[in-house]
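A.B. asks: Below: one structure in structure tokens.
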Amino acid sequence: MTKVKAVHDAVSRIENGTTVMYGGFGGIGNPPTIIKTILEKGIRDLTLIGNDAGFPHVGIGQLITEKRAKKLIASHIGSNPNAGKLMHDGELEIEFSPQGTLVERMRAGGSGLGGILVDIGIDGLVAENKQKVDVDGKTYLLETPLIADIAIVFAKKADTYGNLIFDKSARNTNPLVAMAGNLTIVEAEEIVPIGELDPEEIVTPGAFVDIVVKSEGVNWKWVWE
Amino acid sequence: MGVGISVRDMIAKRAAEEIEDGMVVNLGIGMPTLVANHLPAHINVMFHAENGVLGTGPTPVKGEEDENLCNAGGLPITVVPGASYFDSTYAFSIIRRGLLDVTILGAFEVSEKGDLANWIVPKKIVSGMGGAIELAQKAKKVIVLMNHVDKKGNPKIVSECTLPLTAKRCVDVIITDMAVIEVSQEGLHLIEVMEPFTVEQVVKSTEAKLIIAEHLT
């Protein structure tokens with residue numbers, strides 16, 4: 001049994017209009033080979049869900065820059081001016097969620113929960129049009145779970161069953177995103193035989209993962225070079 | 001922006017005095033990142049990064065950067081002994097749970113009551129809140145570093161914020177190029193005036209009412 005596939009076969013599951021949730025933070029940890037393949041295949045009208053809009057020519061930012069997304073759910077777009085411009089021009093709908101709330105919404109979706117209760121932003125714009133729930137005398141906002149048709153994830157190492165290990169700060173949102181896809185595709189820098197990873201060090205259990213593809217290498221050094 | 005390097009460092013150096021040994025500290029992007037350069041050697045803290053690191057260290061020397069090790073601004077970092085890596089939910093659990101002793105961030109406006117506006121200027125700056133709301137609302141101590149007035153010379157310390165709020169009544173200390181101001185139930189206390197300014201100049205550049213500390217009168 002192996003979940004390893006060629007990247008083109010994996011990406012063929014993504015169509016025009018698909019909702020894609022992506023791992024990564026400021027470009028680092030966005031799966032570069034999968035994103036490159038989405039670009040090459042000309043896939044468009046995507047709804048993207050992830051921490052931020054990356055940088056204009058790094059990571060997920062390339063899909064924004066190339067106008068492949070019609071909607072983005074994120075916490076921050078400041079590092080990619082193209083996202084702000086497209087939003088301003090009415091070509092990209094953006095829904096903002098506070099960063100910590102966004103990732104808990106991913107985890108809620110990925111954990112089969114109906115939502116989470118948080119008091120973050122309860123005094124401001126974030127609370128608009130949201131249901132409030134009182135628990136033991138405290139008021140919280142009901143924040144809804146996030147699920148995507150496809151989740152795309154970057155990992156340091158995967159075994160052929162899809163057990164995952166991440167690397168340093170490239171972990172960021174990847175373990176949450178891995179849980180929240182109806183189909184989860186992982187791009188791994190290294191793929192090892194089943195049994196080779198120490199069960200104690202596995203961060204994401206392979207049950208959450210459907211497809212593993214081999215990375216052609218990362219490109220996010222450009223963020224800071 | 002508009003603040004010279006030496007002034008930025010002076011503000012950062014003053015902010016570093018607010019940090020005590022053993023604290024968990026988050027530094028925002030821009031001027032707050034400079035605070036790390038001004039901590040005395042005997043003060044050991046764990047710097048927290050929203051992307052999932054506790055215990056970030058200095059910038060690596062050129063050529064020794066690790067492409068998978070960055071701070072929340074996407075810049076390469078190192079880690080200190082005792083550092084840990086975790087996913088983004090843990091990063092925000094630390095914040096929401098109240099385990100962050102100090103957060104140092106920038107602001108567009110701060111009000112008399114300590115309300116903070118630093119994430120949106122409608123129709124102008126709409127970059128998203130990132131983790132700003134969590135940090136402002138949940139850190140034990142919120143320190144704002146900013147210019148005392150905006151580019152047009154308008155006061156940024158105001159009786160009521162005009163911009164949408166990041167969080168209400170959250171700011172504890174404001175450090176600017178002109179002054180250090182503490183926020184309490186009674187209002188804003190002017191406790192230090194930066195050189196070469198005078199109390200009168202600070203008062204004139206502040207729209208909110210200031211309670212002047214006795215040692216300054």
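Residues are named by chain letter and number: chains run A, B, ... in the order of the structure tokens, numbers start at 1 in each chain, and ligands are numbered from 1 in the order shown.
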What residues in chain B have any atom no more than 9 Å from chain A when counting only C-alpha atoms, and can you write them as a PyMOL selection string?
C.D. replies: chain B and resi 50-53+65-76+84-93+95-96+123+125-134+137-138+164-168
A.B. asks: Extract the full set of strand (DSSP E or B) residues from stretch 43-109 of chain B according to DSSP on the backbone, and format it as a PDB file with N, CA and C atoms, in the first residue's frame.
C.D. replies:
ATOM      1  N   MET B  46      12.472  34.358  26.494  1.00  0.00           N
ATOM      2  CA  MET B  46      12.089  33.527  25.362  1.00  0.00           C
ATOM      3  C   MET B  46      11.256  34.391  24.416  1.00  0.00           C
ATOM      4  N   PHE B  47      11.795  34.637  23.237  1.00  0.00           N
ATOM      5  CA  PHE B  47      11.030  35.378  22.238  1.00  0.00           C
ATOM      6  C   PHE B  47      10.099  34.426  21.501  1.00  0.00           C
ATOM      7  N   HIS B  48       8.856  34.859  21.370  1.00  0.00           N
ATOM      8  CA  HIS B  48       7.782  34.054  20.787  1.00  0.00           C
ATOM      9  C   HIS B  48       7.509  34.535  19.365  1.00  0.00           C
ATOM     10  N   ALA B  49       7.377  33.613  18.426  1.00  0.00           N
ATOM     11  CA  ALA B  49       7.003  33.974  17.052  1.00  0.00           C
ATOM     12  C   ALA B  49       5.710  33.259  16.683  1.00  0.00           C
ATOM     13  N   VAL B  53       7.490  29.322  16.904  1.00  0.00           N
ATOM     14  CA  VAL B  53       8.798  29.168  17.557  1.00  0.00           C
ATOM     15  C   VAL B  53       8.750  29.892  18.902  1.00  0.00           C
ATOM     16  N   LEU B  54       9.234  29.233  19.942  1.00  0.00           N
ATOM     17  CA  LEU B  54       9.470  29.913  21.217  1.00  0.00           C
ATOM     18  C   LEU B  54      10.964  29.797  21.481  1.00  0.00           C
ATOM     19  N   GLY B  55      11.612  30.967  21.563  1.00  0.00           N
ATOM     20  CA  GLY B  55      13.069  30.963  21.752  1.00  0.00           C
ATOM     21  C   GLY B  55      13.819  31.340  20.490  1.00  0.00           C
ATOM     22  N   THR B  56      13.335  32.393  19.789  1.00  0.00           N
ATOM     23  CA  THR B  56      14.066  32.826  18.599  1.00  0.00           C
ATOM     24  C   THR B  56      15.330  33.566  19.025  1.00  0.00           C
ATOM     25  N   GLY B  57      16.374  33.435  18.194  1.00  0.00           N
ATOM     26  CA  GLY B  57      17.656  34.066  18.493  1.00  0.00           C
ATOM     27  C   GLY B  57      18.026  35.085  17.426  1.00  0.00           C
ATOM     28  N   CYS B  70      12.386  30.691  10.078  1.00  0.00           N
ATOM     29  CA  CYS B  70      12.132  32.120   9.890  1.00  0.00           C
ATOM     30  C   CYS B  70      11.255  32.639  11.012  1.00  0.00           C
ATOM     31  N   PRO B  76      15.048  35.154   8.064  1.00  0.00           N
ATOM     32  CA  PRO B  76      15.761  34.037   8.692  1.00  0.00           C
ATOM     33  C   PRO B  76      16.188  34.374  10.121  1.00  0.00           C
ATOM     34  N   THR B  78      17.795  32.438  14.078  1.00  0.00           N
ATOM     35  CA  THR B  78      18.396  31.282  14.733  1.00  0.00           C
ATOM     36  C   THR B  78      17.527  30.994  15.957  1.00  0.00           C
ATOM     37  N   VAL B  79      17.852  29.947  16.691  1.00  0.00           N
ATOM     38  CA  VAL B  79      17.135  29.709  17.946  1.00  0.00           C
ATOM     39  C   VAL B  79      18.137  29.621  19.089  1.00  0.00           C
ATOM     40  N   VAL B  80      17.642  29.855  20.314  1.00  0.00           N
ATOM     41  CA  VAL B  80      18.488  29.806  21.504  1.00  0.00           C
ATOM     42  C   VAL B  80      18.318  28.433  22.168  1.00  0.00           C
ATOM     43  N   PRO B  81      19.240  28.041  23.076  1.00  0.00           N
ATOM     44  CA  PRO B  81      19.049  26.784  23.804  1.00  0.00           C
ATOM     45  C   PRO B  81      17.705  26.805  24.546  1.00  0.00           C
ATOM     46  N   GLY B  82      16.967  25.713  24.474  1.00  0.00           N
ATOM     47  CA  GLY B  82      15.656  25.647  25.124  1.00  0.00           C
ATOM     48  C   GLY B  82      14.513  26.038  24.208  1.00  0.00           C
ATOM     49  N   ALA B  83      14.834  26.364  22.970  1.00  0.00           N
ATOM     50  CA  ALA B  83      13.783  26.757  22.020  1.00  0.00           C
ATOM     51  C   ALA B  83      12.926  25.555  21.645  1.00  0.00           C
ATOM     52  N   SER B  84      11.714  25.842  21.168  1.00  0.00           N
ATOM     53  CA  SER B  84      10.831  24.773  20.701  1.00  0.00           C
ATOM     54  C   SER B  84      10.114  25.206  19.427  1.00  0.00           C
ATOM     55  N   TYR B  85       9.718  24.204  18.635  1.00  0.00           N
ATOM     56  CA  TYR B  85       8.929  24.419  17.419  1.00  0.00           C
ATOM     57  C   TYR B  85       7.561  23.793  17.639  1.00  0.00           C
ATOM     58  N   VAL B 102       4.909  40.024  27.680  1.00  0.00           N
ATOM     59  CA  VAL B 102       4.980  41.338  27.033  1.00  0.00           C
ATOM     60  C   VAL B 102       4.810  41.191  25.530  1.00  0.00           C
ATOM     61  N   THR B 103       4.019  42.076  24.942  1.00  0.00           N
ATOM     62  CA  THR B 103       4.036  42.218  23.484  1.00  0.00           C
ATOM     63  C   THR B 103       4.368  43.658  23.159  1.00  0.00           C
ATOM     64  N   ILE B 104       5.232  43.850  22.165  1.00  0.00           N
ATOM     65  CA  ILE B 104       5.648  45.194  21.777  1.00  0.00           C
ATOM     66  C   ILE B 104       5.235  45.394  20.326  1.00  0.00           C
ATOM     67  N   LEU B 105       4.396  46.383  20.075  1.00  0.00           N
ATOM     68  CA  LEU B 105       3.880  46.548  18.726  1.00  0.00           C
ATOM     69  C   LEU B 105       3.728  48.013  18.341  1.00  0.00           C
ATOM     70  N   GLU B 109      -3.189  54.660  16.253  1.00  0.00           N
ATOM     71  CA  GLU B 109      -3.759  55.526  17.296  1.00  0.00           C
ATOM     72  C   GLU B 109      -3.846  54.762  18.618  1.00  0.00           C
TER      73      GLU B 109
END
A.B. asks: Please, which residues in stretch 72-135 of chain B fall within 12 Å of stretch 151-158 of chain B when counting only C-alpha atoms, and what is the closest atom pair and distance in Å to one decimal for each, ordered by chain then residue number, as a tab-separated table?
C.D. replies:
residue	atom	partner	partner_atom	distance
B:Gly106	CA	B:Lys156	CA	11.3
B:Ala107	CA	B:Lys156	CA	8.4
B:Phe108	CA	B:Lys156	CA	6.5
B:Glu109	CA	B:Lys156	CA	4.7
B:Val110	CA	B:Ile157	CA	5.0
B:Ser111	CA	B:Val158	CA	4.8
B:Glu112	CA	B:Val158	CA	6.2
B:Lys113	CA	B:Val158	CA	9.4
B:Gly114	CA	B:Ile157	CA	9.4
B:Asp115	CA	B:Val158	CA	9.7
B:Leu116	CA	B:Ile157	CA	9.8
B:Ala117	CA	B:Lys156	CA	9.9
B:Asn118	CA	B:Lys156	CA	11.0
A.B. asks: So how far away is atom CA of A:Lys70 from atom CA of A:Glu93, in Å?
C.D. replies: 6.2 Å
A.B. asks: Record the distance separating atom CA of A:Asp9 and atom CA of A:Pro56, expressed in Å with one decimal.
C.D. replies: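 Atom CA of A:Pro56 lies 26.7 Å from atom CA of A:Asp9.
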A.B. asks: Quick one: everything within 7 Å of B:Leu188, counting only C-alpha atoms, minus sequence neighbours fewer than 5 positions away in the same chain. Send it as a list in words.
C.D. replies: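 Non-adjacent residues within range: Glu112, Ile181, Glu182, Val183, Lys209, Leu210 and Ile211 of chain B.
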A.B. asks: Would you output that residue set with C-alpha atoms, as a CSV table (one decimal), in the first residue's frame?
C.D. replies:
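Below is the file that was written, again_15.csv:
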chain,number,residue,atom,x,y,z
B,112,GLU,CA,-6.9,57.9,26.6
B,181,ILE,CA,3.3,57.4,28.9
B,182,GLU,CA,1.7,54.9,31.2
B,183,VAL,CA,-1.9,54.0,30.9
B,209,LYS,CA,-5.4,64.6,28.4
B,210,LEU,CA,-2.1,63.9,30.1
B,211,ILE,CA,-1.5,63.6,33.9
A.B. asks: Just want the 12 Å neighbourhood of B:Ile175, counted on only C-alpha atoms, with same-chain residues fewer than 2 positions away dropped. Output as JSON, numbers by chain.
C.D. replies: {"B": [7, 8, 9, 10, 11, 12, 13, 14, 15, 16, 17, 18, 31, 32, 104, 105, 106, 107, 110, 142, 143, 144, 145, 146, 147, 148, 156, 157, 171, 172, 173, 177, 178, 179, 180, 181, 182, 183, 189, 190, 191, 192, 193, 194]}
A.B. asks: Contacts of A:Thr160 at 7 Å or less, counting only C-alpha atoms, minus same-chain residues fewer than 4 places along, as number ranges by chain?
C.D. replies: A: 2-4, 191-194
A.B. asks: Can you tell me which residues surround A:Glu201 at a distance of at most 8 Å, considering only C-alpha atoms, apart from same-chain residues fewer than 3 positions away, and format the answer as a PyMOL selection string?
C.D. replies: chain A and resi 165+197-198
A.B. asks: Enumerate, as a CSV table (one decimal) with C-alpha atoms, in the first residue's frame, the complete set of residues in stretch 26-79 of chain B that a backbone-based DSSP assignment places in helix (DSSP H, G or I).
C.D. replies:
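Result file result03.csv:
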chain,number,residue,atom,x,y,z
B,31,MET,CA,10.7,49.1,15.2
B,32,PRO,CA,9.8,46.5,17.9
B,33,THR,CA,12.3,44.0,16.4
B,34,LEU,CA,15.1,46.3,17.4
B,35,VAL,CA,14.3,45.9,21.1
B,36,ALA,CA,16.1,42.5,21.1
B,37,ASN,CA,19.4,44.3,20.2
B,38,HIS,CA,19.1,46.4,23.4
A.B. asks: Considering only C-alpha atoms, return as a ChimeraX atom specification whatever protein or nucleic-acid residues lie within 6 Å of stretch 141-152 of chain A, sequence-local ones (same chain, fewer than 6 positions apart) excluded.
C.D. replies: /A:19-22,105-106,108-109,115-119,131-132,180-186
A.B. asks: Keeping only all heavy atoms, write the selected residues as a compact mmCIF listing (two decimals), in the first residue's frame.
C.D. replies:
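Written out: selection.txt:
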# COMPACT_ATOMS: atom_id res chain seq x y z
N THR A 19 -12.11 24.52 -3.84
CA THR A 19 -11.64 25.18 -2.62
C THR A 19 -10.37 24.49 -2.15
O THR A 19 -10.38 23.28 -1.89
CB THR A 19 -12.71 25.14 -1.53
OG1 THR A 19 -13.86 25.86 -1.99
CG2 THR A 19 -12.22 25.78 -0.24
N VAL A 20 -9.29 25.25 -2.07
CA VAL A 20 -7.98 24.68 -1.71
C VAL A 20 -7.46 25.35 -0.45
O VAL A 20 -7.30 26.57 -0.40
CB VAL A 20 -6.96 24.89 -2.86
CG1 VAL A 20 -5.57 24.39 -2.44
CG2 VAL A 20 -7.41 24.20 -4.14
N MET A 21 -7.21 24.56 0.57
CA MET A 21 -6.58 25.08 1.78
C MET A 21 -5.09 24.75 1.70
O MET A 21 -4.72 23.65 1.31
CB MET A 21 -7.20 24.44 3.03
CG MET A 21 -6.79 25.13 4.34
SD MET A 21 -7.40 24.29 5.80
CE MET A 21 -9.17 24.55 5.67
N TYR A 22 -4.25 25.73 2.07
CA TYR A 22 -2.81 25.53 1.91
C TYR A 22 -2.07 25.80 3.21
O TYR A 22 -2.40 26.72 3.96
CB TYR A 22 -2.26 26.43 0.79
CG TYR A 22 -2.57 27.90 0.99
CD1 TYR A 22 -1.66 28.75 1.62
CD2 TYR A 22 -3.79 28.43 0.56
CE1 TYR A 22 -1.96 30.09 1.83
CE2 TYR A 22 -4.09 29.76 0.76
CZ TYR A 22 -3.18 30.58 1.40
OH TYR A 22 -3.48 31.91 1.61
N ARG A 105 -10.08 27.36 13.52
CA ARG A 105 -11.18 26.99 12.63
C ARG A 105 -10.76 25.84 11.72
O ARG A 105 -11.55 24.95 11.42
CB ARG A 105 -11.62 28.20 11.79
CG ARG A 105 -12.27 29.30 12.61
CD ARG A 105 -12.55 30.52 11.76
NE ARG A 105 -13.61 30.27 10.78
CZ ARG A 105 -13.84 31.03 9.72
NH1 ARG A 105 -13.06 32.07 9.46
NH2 ARG A 105 -14.83 30.75 8.90
N MET A 106 -9.50 25.87 11.28
CA MET A 106 -8.97 24.75 10.48
C MET A 106 -8.97 23.47 11.32
O MET A 106 -9.38 22.41 10.86
CB MET A 106 -7.53 25.04 10.03
CG MET A 106 -7.40 26.15 9.02
SD MET A 106 -5.63 26.51 8.78
CE MET A 106 -5.73 27.71 7.46
N ALA A 108 -10.77 22.83 13.89
CA ALA A 108 -12.15 22.41 14.16
C ALA A 108 -12.70 21.63 12.96
O ALA A 108 -13.27 20.54 13.12
CB ALA A 108 -13.02 23.63 14.46
N GLY A 109 -12.49 22.18 11.76
CA GLY A 109 -12.95 21.48 10.56
C GLY A 109 -12.28 20.12 10.43
O GLY A 109 -12.92 19.11 10.14
N GLY A 115 -17.65 24.01 15.55
CA GLY A 115 -17.22 25.40 15.69
C GLY A 115 -16.37 25.57 16.93
O GLY A 115 -16.12 24.60 17.66
N ILE A 116 -15.91 26.78 17.15
CA ILE A 116 -15.13 27.07 18.35
C ILE A 116 -15.67 28.35 18.98
O ILE A 116 -16.27 29.19 18.31
CB ILE A 116 -13.62 27.23 18.05
CG1 ILE A 116 -13.40 28.27 16.94
CG2 ILE A 116 -13.00 25.91 17.64
CD1 ILE A 116 -12.01 28.81 16.88
N LEU A 117 -15.44 28.52 20.28
CA LEU A 117 -15.87 29.72 21.00
C LEU A 117 -14.63 30.51 21.38
O LEU A 117 -13.76 29.99 22.08
CB LEU A 117 -16.66 29.33 22.25
CG LEU A 117 -17.93 28.52 22.01
CD1 LEU A 117 -18.58 28.17 23.35
CD2 LEU A 117 -18.91 29.29 21.12
N VAL A 118 -14.55 31.75 20.89
CA VAL A 118 -13.40 32.60 21.20
C VAL A 118 -13.87 34.01 21.53
O VAL A 118 -14.89 34.46 21.02
CB VAL A 118 -12.38 32.68 20.04
CG1 VAL A 118 -11.58 31.43 19.90
CG2 VAL A 118 -13.08 33.00 18.73
N ASP A 119 -13.10 34.71 22.36
CA ASP A 119 -13.45 36.11 22.64
C ASP A 119 -12.55 37.08 21.89
O ASP A 119 -12.58 38.28 22.13
CB ASP A 119 -13.42 36.38 24.15
CG ASP A 119 -12.02 36.23 24.75
OD1 ASP A 119 -11.10 35.78 24.04
OD2 ASP A 119 -11.84 36.57 25.93
N GLN A 131 -22.68 35.01 15.74
CA GLN A 131 -23.50 34.60 16.88
C GLN A 131 -22.67 34.67 18.16
O GLN A 131 -21.49 34.31 18.16
CB GLN A 131 -23.99 33.17 16.63
CG GLN A 131 -25.06 32.72 17.59
CD GLN A 131 -25.47 31.28 17.31
OE1 GLN A 131 -25.39 30.80 16.19
NE2 GLN A 131 -25.88 30.58 18.36
N LYS A 132 -23.29 35.15 19.24
CA LYS A 132 -22.58 35.20 20.52
C LYS A 132 -23.14 34.12 21.44
O LYS A 132 -24.34 33.83 21.42
CB LYS A 132 -22.73 36.58 21.16
CG LYS A 132 -21.95 37.63 20.38
CD LYS A 132 -21.94 38.98 21.05
CE LYS A 132 -21.01 39.91 20.28
NZ LYS A 132 -21.50 41.26 20.19
N ALA A 180 -7.73 19.19 7.44
CA ALA A 180 -8.98 19.87 7.06
C ALA A 180 -9.34 19.74 5.58
O ALA A 180 -10.22 20.43 5.10
CB ALA A 180 -8.90 21.34 7.45
N GLY A 181 -8.69 18.84 4.86
CA GLY A 181 -9.06 18.65 3.46
C GLY A 181 -9.92 17.41 3.30
O GLY A 181 -9.70 16.40 3.97
N ASN A 182 -10.91 17.49 2.41
CA ASN A 182 -11.63 16.25 2.06
C ASN A 182 -10.68 15.32 1.33
O ASN A 182 -10.84 14.10 1.35
CB ASN A 182 -12.86 16.58 1.21
CG ASN A 182 -13.94 17.25 2.04
OD1 ASN A 182 -14.04 17.01 3.25
ND2 ASN A 182 -14.72 18.11 1.41
N LEU A 183 -9.70 15.93 0.66
CA LEU A 183 -8.60 15.17 0.08
C LEU A 183 -7.32 15.92 0.43
O LEU A 183 -7.22 17.11 0.13
CB LEU A 183 -8.75 15.07 -1.44
CG LEU A 183 -7.66 14.23 -2.12
CD1 LEU A 183 -8.12 12.79 -2.27
CD2 LEU A 183 -7.28 14.81 -3.47
N THR A 184 -6.38 15.25 1.06
CA THR A 184 -5.15 15.93 1.49
C THR A 184 -3.96 15.45 0.67
O THR A 184 -3.66 14.25 0.63
CB THR A 184 -4.91 15.71 2.99
OG1 THR A 184 -5.94 16.38 3.72
CG2 THR A 184 -3.56 16.27 3.43
N ILE A 185 -3.32 16.41 0.00
CA ILE A 185 -2.14 16.10 -0.82
C ILE A 185 -0.92 16.71 -0.12
O ILE A 185 -0.89 17.91 0.17
CB ILE A 185 -2.26 16.71 -2.24
CG1 ILE A 185 -3.56 16.28 -2.91
CG2 ILE A 185 -1.04 16.33 -3.08
CD1 ILE A 185 -3.84 17.00 -4.24
N VAL A 186 0.07 15.87 0.14
CA VAL A 186 1.27 16.32 0.84
C VAL A 186 2.46 16.31 -0.10
O VAL A 186 2.70 15.32 -0.80
CB VAL A 186 1.58 15.39 2.04
CG1 VAL A 186 2.91 15.78 2.67
CG2 VAL A 186 0.46 15.46 3.06
